[in-house]
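Shown below: protein_9.pdb, with PDB, C-alpha atoms.
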```
MODEL        1
ATOM      1  CA  MET A1485       7.491 -54.385  -8.485
ATOM      2  CA  LYS A1486       6.561 -53.059 -11.928
ATOM      3  CA  LYS A1487       3.197 -52.002 -10.545
ATOM      4  CA  TYR A1488       4.828 -49.909  -7.805
ATOM      5  CA  PHE A1489       7.284 -48.420 -10.252
ATOM      6  CA  LYS A1490       4.452 -47.291 -12.555
ATOM      7  CA  TYR A1491       2.616 -45.893  -9.533
ATOM      8  CA  TYR A1492       5.776 -44.095  -8.381
ATOM      9  CA  ILE A1493       6.299 -42.602 -11.868
ATOM     10  CA  ALA A1494       2.654 -41.497 -12.016
ATOM     11  CA  VAL A1495       2.866 -39.791  -8.595
ATOM     12  CA  LEU A1496       6.221 -38.240  -9.394
ATOM     13  CA  SER A1497       4.900 -36.953 -12.734
ATOM     14  CA  THR A1498       1.876 -35.423 -11.009
ATOM     15  CA  VAL A1499       4.069 -33.725  -8.438
ATOM     16  CA  ILE A1500       6.470 -32.404 -11.057
ATOM     17  CA  LEU A1501       3.644 -31.143 -13.255
ATOM     18  CA  SER A1502       1.980 -29.406 -10.321
ATOM     19  CA  LEU A1503       5.161 -27.638  -9.154
ATOM     20  CA  PRO A1504       4.769 -24.669 -11.536
ATOM     21  CA  VAL A1505       1.164 -24.173 -10.355
ATOM     22  CA  PHE A1506       2.241 -24.440  -6.719
ATOM     23  CA  ALA A1507       5.094 -22.026  -7.353
ATOM     24  CA  GLN A1508       2.692 -19.600  -9.034
ATOM     25  CA  GLU A1509       0.412 -19.724  -6.006
ATOM     26  CA  ILE A1510       3.320 -19.072  -3.626
ATOM     27  CA  ASN A1511       4.527 -16.313  -5.944
ATOM     28  CA  LYS A1512       1.050 -14.758  -5.937
ATOM     29  CA  ASP A1513       1.152 -14.544  -2.130
ATOM     30  CA  GLN A1514       4.752 -13.281  -2.187
ATOM     31  CA  ASP A1515       3.960 -10.717  -4.876
ATOM     32  CA  PHE A1516       1.040  -9.396  -2.843
ATOM     33  CA  LEU A1517       3.106  -9.182   0.322
ATOM     34  CA  THR A1518       5.935  -7.403  -1.518
ATOM     35  CA  THR A1519       3.629  -4.888  -3.184
ATOM     36  CA  ALA A1520       1.564  -4.283  -0.039
ATOM     37  CA  ALA A1521       4.676  -3.783   2.085
ATOM     38  CA  ARG A1522       6.169  -1.312  -0.390
ATOM     39  CA  LEU A1523       2.903   0.603  -0.608
ATOM     40  CA  ASN A1524       2.801   0.758   3.191
ATOM     41  CA  GLN A1525       6.395   1.969   3.356
ATOM     42  CA  PHE A1526       5.493   4.644   0.827
ATOM     43  CA  GLU A1527       2.395   5.711   2.781
ATOM     44  CA  ILE A1528       4.497   6.004   5.948
ATOM     45  CA  ALA A1529       7.077   8.076   4.070
ATOM     46  CA  LEU A1530       4.349  10.304   2.589
ATOM     47  CA  GLY A1531       2.833  10.825   6.027
ATOM     48  CA  THR A1532       6.218  11.667   7.510
ATOM     49  CA  GLN A1533       6.883  14.102   4.706
ATOM     50  CA  ALA A1534       3.517  15.801   5.320
ATOM     51  CA  LEU A1535       4.365  16.155   9.011
ATOM     52  CA  ASN A1536       7.721  17.740   8.199
ATOM     53  CA  GLN A1537       6.804  19.851   5.212
ATOM     54  CA  SER A1538       3.200  21.003   5.361
ATOM     55  CA  LYS A1539       1.989  24.056   7.221
ATOM     56  CA  ASN A1540      -1.617  22.911   6.864
ATOM     57  CA  GLU A1541      -2.817  21.341  10.140
ATOM     58  CA  GLU A1542      -5.362  19.154   8.338
ATOM     59  CA  ILE A1543      -2.631  17.743   6.097
ATOM     60  CA  LYS A1544      -0.419  17.178   9.140
ATOM     61  CA  ARG A1545      -3.205  15.302  10.993
ATOM     62  CA  TYR A1546      -3.817  13.162   7.933
ATOM     63  CA  GLY A1547      -0.073  12.531   7.620
ATOM     64  CA  GLN A1548       0.096  11.415  11.252
ATOM     65  CA  MET A1549      -2.838   9.069  10.686
ATOM     66  CA  LEU A1550      -1.006   7.565   7.697
ATOM     67  CA  VAL A1551       2.129   7.031   9.760
ATOM     68  CA  ASP A1552       0.202   5.458  12.644
ATOM     69  CA  ASP A1553      -2.131   3.236  10.628
ATOM     70  CA  HIS A1554       0.354   2.093   8.014
ATOM     71  CA  THR A1555       3.064   1.387  10.586
ATOM     72  CA  LYS A1556       0.618  -0.999  12.258
ATOM     73  CA  VAL A1557      -0.194  -2.626   8.914
ATOM     74  CA  GLN A1558       3.527  -2.930   8.158
ATOM     75  CA  GLU A1559       4.039  -4.750  11.465
ATOM     76  CA  GLU A1560       1.183  -7.123  10.569
ATOM     77  CA  LEU A1561       2.748  -7.777   7.167
ATOM     78  CA  GLN A1562       6.089  -8.498   8.845
ATOM     79  CA  GLU A1563       4.412 -11.024  11.158
ATOM     80  CA  ALA A1564       2.648 -12.651   8.193
ATOM     81  CA  ALA A1565       5.907 -12.846   6.261
ATOM     82  CA  ILE A1566       7.582 -14.656   9.141
ATOM     83  CA  ALA A1567       4.639 -17.014   9.678
ATOM     84  CA  LYS A1568       4.266 -17.789   5.960
ATOM     85  CA  LYS A1569       8.014 -17.905   5.277
ATOM     86  CA  LEU A1570       7.748 -15.055   2.782
ATOM     87  CA  ILE A1571      10.276 -12.292   2.224
ATOM     88  CA  MET A1572       9.644  -8.673   3.207
ATOM     89  CA  PRO A1573      11.021  -6.140   0.741
ATOM     90  CA  ASP A1574      13.517  -3.578   1.863
ATOM     91  CA  GLY A1575      13.073  -0.060   0.559
ATOM     92  CA  LEU A1576      10.824   1.766  -1.822
ATOM     93  CA  GLU A1577      10.423   1.309  -5.551
ATOM     94  CA  GLU A1578      12.209   3.838  -7.750
ATOM     95  CA  ASN A1579       9.012   5.626  -8.758
ATOM     96  CA  GLN A1580       7.987   5.964  -5.101
ATOM     97  CA  ALA A1581      11.365   7.446  -4.154
ATOM     98  CA  SER A1582      11.084   9.783  -7.144
ATOM     99  CA  ILE A1583       7.656  11.009  -6.002
ATOM    100  CA  LEU A1584       8.996  11.693  -2.511
ATOM    101  CA  LYS A1585      11.944  13.594  -3.977
ATOM    102  CA  SER A1586       9.646  15.660  -6.180
ATOM    103  CA  LEU A1587       7.398  16.459  -3.220
ATOM    104  CA  SER A1588      10.402  17.537  -1.173
ATOM    105  CA  MET A1589      11.021  20.356  -3.653
ATOM    106  CA  LEU A1590       7.545  21.818  -3.194
ATOM    107  CA  SER A1591       6.254  24.074  -0.480
ATOM    108  CA  ASP A1592       3.041  25.478   0.921
ATOM    109  CA  ALA A1593      -0.072  24.903  -1.196
ATOM    110  CA  ASP A1594       1.942  23.305  -4.016
ATOM    111  CA  PHE A1595       3.119  20.610  -1.620
ATOM    112  CA  ASP A1596      -0.329  20.175  -0.079
ATOM    113  CA  ASN A1597      -2.027  19.755  -3.472
ATOM    114  CA  ALA A1598       0.613  17.344  -4.770
ATOM    115  CA  PHE A1599       0.475  15.387  -1.495
ATOM    116  CA  LYS A1600      -3.318  15.140  -1.717
ATOM    117  CA  ASP A1601      -3.116  13.906  -5.327
ATOM    118  CA  ALA A1602      -0.429  11.365  -4.406
ATOM    119  CA  VAL A1603      -2.337   9.879  -1.470
ATOM    120  CA  ILE A1604      -5.561   9.675  -3.463
ATOM    121  CA  LYS A1605      -3.858   7.805  -6.305
ATOM    122  CA  MET A1606      -1.933   5.620  -3.873
ATOM    123  CA  HIS A1607      -5.045   4.615  -1.961
ATOM    124  CA  GLU A1608      -6.950   3.870  -5.176
ATOM    125  CA  SER A1609      -4.115   1.549  -6.245
ATOM    126  CA  THR A1610      -3.870  -0.015  -2.808
ATOM    127  CA  ILE A1611      -7.612  -0.689  -2.618
ATOM    128  CA  ALA A1612      -7.512  -2.385  -6.031
ATOM    129  CA  LEU A1613      -4.551  -4.510  -4.905
ATOM    130  CA  PHE A1614      -6.282  -5.551  -1.675
ATOM    131  CA  GLU A1615      -9.601  -6.300  -3.426
ATOM    132  CA  ASN A1616      -7.786  -8.513  -5.901
ATOM    133  CA  ALA A1617      -5.850 -10.190  -3.081
ATOM    134  CA  ALA A1618      -9.045 -10.835  -1.112
ATOM    135  CA  ASP A1619     -10.427 -12.687  -4.137
ATOM    136  CA  SER A1620      -7.410 -14.484  -5.499
ATOM    137  CA  LEU A1621      -4.617 -15.196  -3.016
ATOM    138  CA  ASN A1622      -3.827 -18.826  -2.331
ATOM    139  CA  ASP A1623      -3.361 -18.372   1.416
ATOM    140  CA  GLN A1624      -6.778 -18.041   3.079
ATOM    141  CA  GLU A1625      -5.394 -16.095   6.045
ATOM    142  CA  LEU A1626      -3.812 -13.504   3.745
ATOM    143  CA  ARG A1627      -7.043 -13.311   1.746
ATOM    144  CA  SER A1628      -9.057 -12.657   4.897
ATOM    145  CA  TRP A1629      -6.504 -10.159   6.177
ATOM    146  CA  ALA A1630      -6.549  -8.245   2.873
ATOM    147  CA  ALA A1631     -10.356  -8.176   2.864
ATOM    148  CA  ALA A1632     -10.403  -6.870   6.438
ATOM    149  CA  LYS A1633      -8.136  -3.924   5.485
ATOM    150  CA  ILE A1634     -10.324  -2.653   2.623
ATOM    151  CA  PRO A1635     -12.753  -0.613   4.801
ATOM    152  CA  SER A1636      -9.866   1.226   6.473
ATOM    153  CA  LEU A1637      -8.197   1.911   3.125
ATOM    154  CA  THR A1638     -11.499   3.167   1.732
ATOM    155  CA  SER A1639     -11.859   5.466   4.729
ATOM    156  CA  HIS A1640      -8.328   6.799   4.118
ATOM    157  CA  LEU A1641      -9.245   7.454   0.478
ATOM    158  CA  GLU A1642     -12.410   9.340   1.399
ATOM    159  CA  GLN A1643     -10.519  11.393   3.980
ATOM    160  CA  ALA A1644      -7.843  12.211   1.402
ATOM    161  CA  LYS A1645     -10.470  13.371  -1.082
ATOM    162  CA  SER A1646     -11.971  15.679   1.522
ATOM    163  CA  LEU A1647      -8.670  17.315   2.532
ATOM    164  CA  GLN A1648      -8.992  21.073   2.286
ATOM    165  CA  VAL A1649      -6.029  22.627   0.546
ATOM    166  CA  ARG A1650      -5.903  26.108  -0.805
ATOM    167  CA  SER A1651      -4.877  26.855  -4.332
ATOM    168  CA  GLU A1652      -1.888  29.074  -5.030
ATOM    169  CA  SER A1653      -4.004  30.988  -7.482
ATOM    170  CA  ALA A1654      -6.842  31.539  -5.020
ATOM    171  CA  PRO A1655      -7.146  35.137  -3.926
ATOM    172  CA  SER A1656      -6.198  35.929  -0.380
ATOM    173  CA  MET A1657      -9.044  36.368   2.045
ATOM    174  CA  GLU A1658      -7.105  38.933   4.061
ATOM    175  CA  VAL A1659      -8.543  42.432   4.060
ATOM    176  CA  ASP A1660      -6.147  45.319   4.553
ATOM    177  CA  SER A1661      -8.780  47.982   4.573
ATOM    178  CA  VAL A1662     -12.503  48.256   4.351
ATOM    179  CA  GLU A1663     -13.996  50.553   1.820
ATOM    180  CA  THR A1664     -17.563  51.663   1.992
ATOM    181  CA  LEU A1665     -19.535  52.568  -1.053
TER     182      LEU A1665
ENDMDL
END
```

In structure tokens, write the structure found in this file.
Amino acid sequence: MKKYFKYYIAVLSTVILSLPVFAQEINKDQDFLTTAARLNQFEIALGTQALNQSKNEEIKRYGQMLVDDHTKVQEELQEAAIAKKLIMPDGLEENQASILKSLSMLSDADFDNAFKDAVIKMHESTIALFENAADSLNDQELRSWAAAKIPSLTSHLEQAKSLQVRSESAPSMEVDSVETL
């Protein structure tokens, strides 16, 4: 009986000692899902704002792509959360809401330039998050999923960098009259 008791204590001690590590691993997966979902919600909101606020057709097309692509990713994250018994966040972070509010006060080229800067920075952060997740998450399915999203995120970043927006200070190309010398 003593032998089983010692064995029981040894197993119980091992389990108790490994709980913080196990919890950290679950938290790592949960933290990724939370951050990725919030970034996706923000990208969808940015895209929607571009559709509603920009007059630049290239910005609007890019905004629509963000809405379409990131809505699909958000649905995939929701499915993963259910399957992995993780919690999906509700709403944006304060700084994300603040950026959207600031953008809402801009118009024309000021909006387009600020939007372009925001989506570039957001995609750089998102790519870093997904690269880290692909290397370090505990859940192999989430790791593979994150790795599979990196090429699309990189494509979004490159497209954002190539967006053509005019500067407010750029001279107008309109010609009212032609003078000959």

Near segment 1618-1635 of chain A, 10 Å: segment 1508-1566 of chain A residue rows, closest pairs, only C-alpha atoms, as CSV:
```
residue,atom,partner,partner_atom,distance
A:Gln1508,CA,A:Asn1622,CA,9.4
A:Glu1509,CA,A:Asn1622,CA,5.7
A:Ile1510,CA,A:Asn1622,CA,7.3
A:Asn1511,CA,A:Asn1622,CA,9.4
A:Lys1512,CA,A:Leu1621,CA,6.4
A:Asp1513,CA,A:Leu1621,CA,5.9
A:Gln1514,CA,A:Leu1621,CA,9.6
A:Asp1515,CA,A:Leu1621,CA,9.9
A:Phe1516,CA,A:Leu1621,CA,8.1
A:Leu1517,CA,A:Leu1626,CA,8.8
A:Ala1520,CA,A:Ala1630,CA,9.5
A:Val1557,CA,A:Lys1633,CA,8.7
A:Glu1560,CA,A:Trp1629,CA,9.4
A:Leu1561,CA,A:Leu1626,CA,9.4
A:Ala1564,CA,A:Leu1626,CA,7.9
```

**Request:** Apply the PyMOL selection byres ((chain A and resi 1593) around 10) to the file shown and report the selected residues as a ChimeraX atom specification.
**Result:** /A:1538-1540,1590-1592,1594-1599,1649-1653

Residue IDs satisfying the PyMOL selection byres ((chain A and resi 1641) around 8), as a compact mmCIF listing (two decimals) with C-alpha atoms, in the frame of the given file:
```
# COMPACT_ATOMS: atom_id res chain seq x y z
CA VAL A 1603 -2.34 9.88 -1.47
CA ILE A 1604 -5.56 9.68 -3.46
CA HIS A 1607 -5.04 4.62 -1.96
CA GLU A 1608 -6.95 3.87 -5.18
CA LEU A 1637 -8.20 1.91 3.12
CA THR A 1638 -11.50 3.17 1.73
CA SER A 1639 -11.86 5.47 4.73
CA HIS A 1640 -8.33 6.80 4.12
CA GLU A 1642 -12.41 9.34 1.40
CA GLN A 1643 -10.52 11.39 3.98
CA ALA A 1644 -7.84 12.21 1.40
CA LYS A 1645 -10.47 13.37 -1.08
```

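For the pair atom CA of Glu1615 of chain A and atom CA of Arg1522 of chain A, the interatomic distance is 16.8 Å.
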
Surrounding residues of Met1549 of chain A excluding itself and chain neighbours under 4 positions, 9 Å, all atoms listed in the file, as a PDB file with C-alpha atoms, in the frame of the given file:
```
ATOM      1  CA  GLY A1531       2.833  10.825   6.027  1.00  0.00           C
ATOM      2  CA  LYS A1544      -0.419  17.178   9.140  1.00  0.00           C
ATOM      3  CA  ARG A1545      -3.205  15.302  10.993  1.00  0.00           C
ATOM      4  CA  ASP A1553      -2.131   3.236  10.628  1.00  0.00           C
ATOM      5  CA  HIS A1554       0.354   2.093   8.014  1.00  0.00           C
ATOM      6  CA  HIS A1640      -8.328   6.799   4.118  1.00  0.00           C
TER       7      HIS A1640
END
```

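The residue set within 8 Å of Gly1547 of chain A, counting only C-alpha atoms and dropping same-chain residues fewer than 5 places from it, reads Leu1530, Gly1531, Thr1532, Gln1533, Ala1534 and Leu1535 of chain A.
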
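Computed from the coordinates, the atom CA of Gln1537 of chain A to atom CA of Met1572 of chain A distance equals 28.7 Å.
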
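As for atom CA of Ala1612 of chain A and atom CA of Glu1542 of chain A, they are spaced 26.0 Å apart.
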
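Of the listed residues A:Ser1586, A:Gln1548, A:Gln1562, A:Ser1636, the one whose atoms come nearest to Phe1614 of chain A is A:Ser1636, with distances taken using only C-alpha atoms.
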
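Among the candidates A:Ile1583, A:Pro1573, A:Glu1541, A:Ala1602, the residue lying nearest to Gln1525 of chain A is A:Pro1573 (atoms considered: only C-alpha atoms).
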
**Hits of the PyMOL selection byres ((chain A and resi 1575) around 12) in this structure, as a PyMOL selection string** = chain A and resi 1518-1519+1521-1526+1528-1529+1572-1574+1576-1581

**Request:** Find, counting only C-alpha atoms, the residue in A:Leu1550, A:Ala1565, A:Leu1647, A:Met1589 that gets nearest to Met1606 of chain A.
**Result:** A:Leu1550

Completed segment 1612-1623 of chain A (N, CA, C and O atoms) as a compact mmCIF listing (two decimals), keeping the file's coordinate frame:
```txt
# COMPACT_ATOMS: atom_id res chain seq x y z
N ALA A 1612 -7.42 -1.41 -4.93
CA ALA A 1612 -7.51 -2.38 -6.03
C ALA A 1612 -6.65 -3.62 -5.74
O ALA A 1612 -7.09 -4.75 -5.95
N LEU A 1613 -5.44 -3.40 -5.26
CA LEU A 1613 -4.55 -4.51 -4.90
C LEU A 1613 -5.19 -5.40 -3.84
O LEU A 1613 -5.21 -6.62 -3.96
N PHE A 1614 -5.72 -4.79 -2.78
CA PHE A 1614 -6.28 -5.55 -1.68
C PHE A 1614 -7.58 -6.25 -2.09
O PHE A 1614 -7.84 -7.37 -1.64
N GLU A 1615 -8.39 -5.63 -2.93
CA GLU A 1615 -9.60 -6.30 -3.43
C GLU A 1615 -9.23 -7.53 -4.25
O GLU A 1615 -9.84 -8.59 -4.09
N ASN A 1616 -8.25 -7.38 -5.11
CA ASN A 1616 -7.79 -8.51 -5.90
C ASN A 1616 -7.23 -9.61 -5.00
O ASN A 1616 -7.50 -10.79 -5.19
N ALA A 1617 -6.44 -9.21 -4.01
CA ALA A 1617 -5.85 -10.19 -3.08
C ALA A 1617 -6.94 -10.93 -2.31
O ALA A 1617 -6.85 -12.14 -2.10
N ALA A 1618 -7.96 -10.22 -1.88
CA ALA A 1618 -9.04 -10.84 -1.11
C ALA A 1618 -9.78 -11.89 -1.93
O ALA A 1618 -10.36 -12.82 -1.37
N ASP A 1619 -9.75 -11.74 -3.25
CA ASP A 1619 -10.43 -12.69 -4.14
C ASP A 1619 -9.53 -13.80 -4.66
O ASP A 1619 -10.02 -14.86 -5.00
N SER A 1620 -8.22 -13.55 -4.72
CA SER A 1620 -7.41 -14.48 -5.50
C SER A 1620 -6.17 -15.08 -4.83
O SER A 1620 -5.54 -15.94 -5.42
N LEU A 1621 -5.81 -14.62 -3.64
CA LEU A 1621 -4.62 -15.20 -3.02
C LEU A 1621 -4.84 -16.66 -2.68
O LEU A 1621 -5.96 -17.09 -2.40
N ASN A 1622 -3.77 -17.42 -2.67
CA ASN A 1622 -3.83 -18.83 -2.33
C ASN A 1622 -4.03 -19.02 -0.83
O ASN A 1622 -4.83 -19.84 -0.40
N ASP A 1623 -3.32 -18.23 -0.03
CA ASP A 1623 -3.36 -18.37 1.42
C ASP A 1623 -4.64 -17.73 1.97
O ASP A 1623 -4.84 -16.51 1.84
```
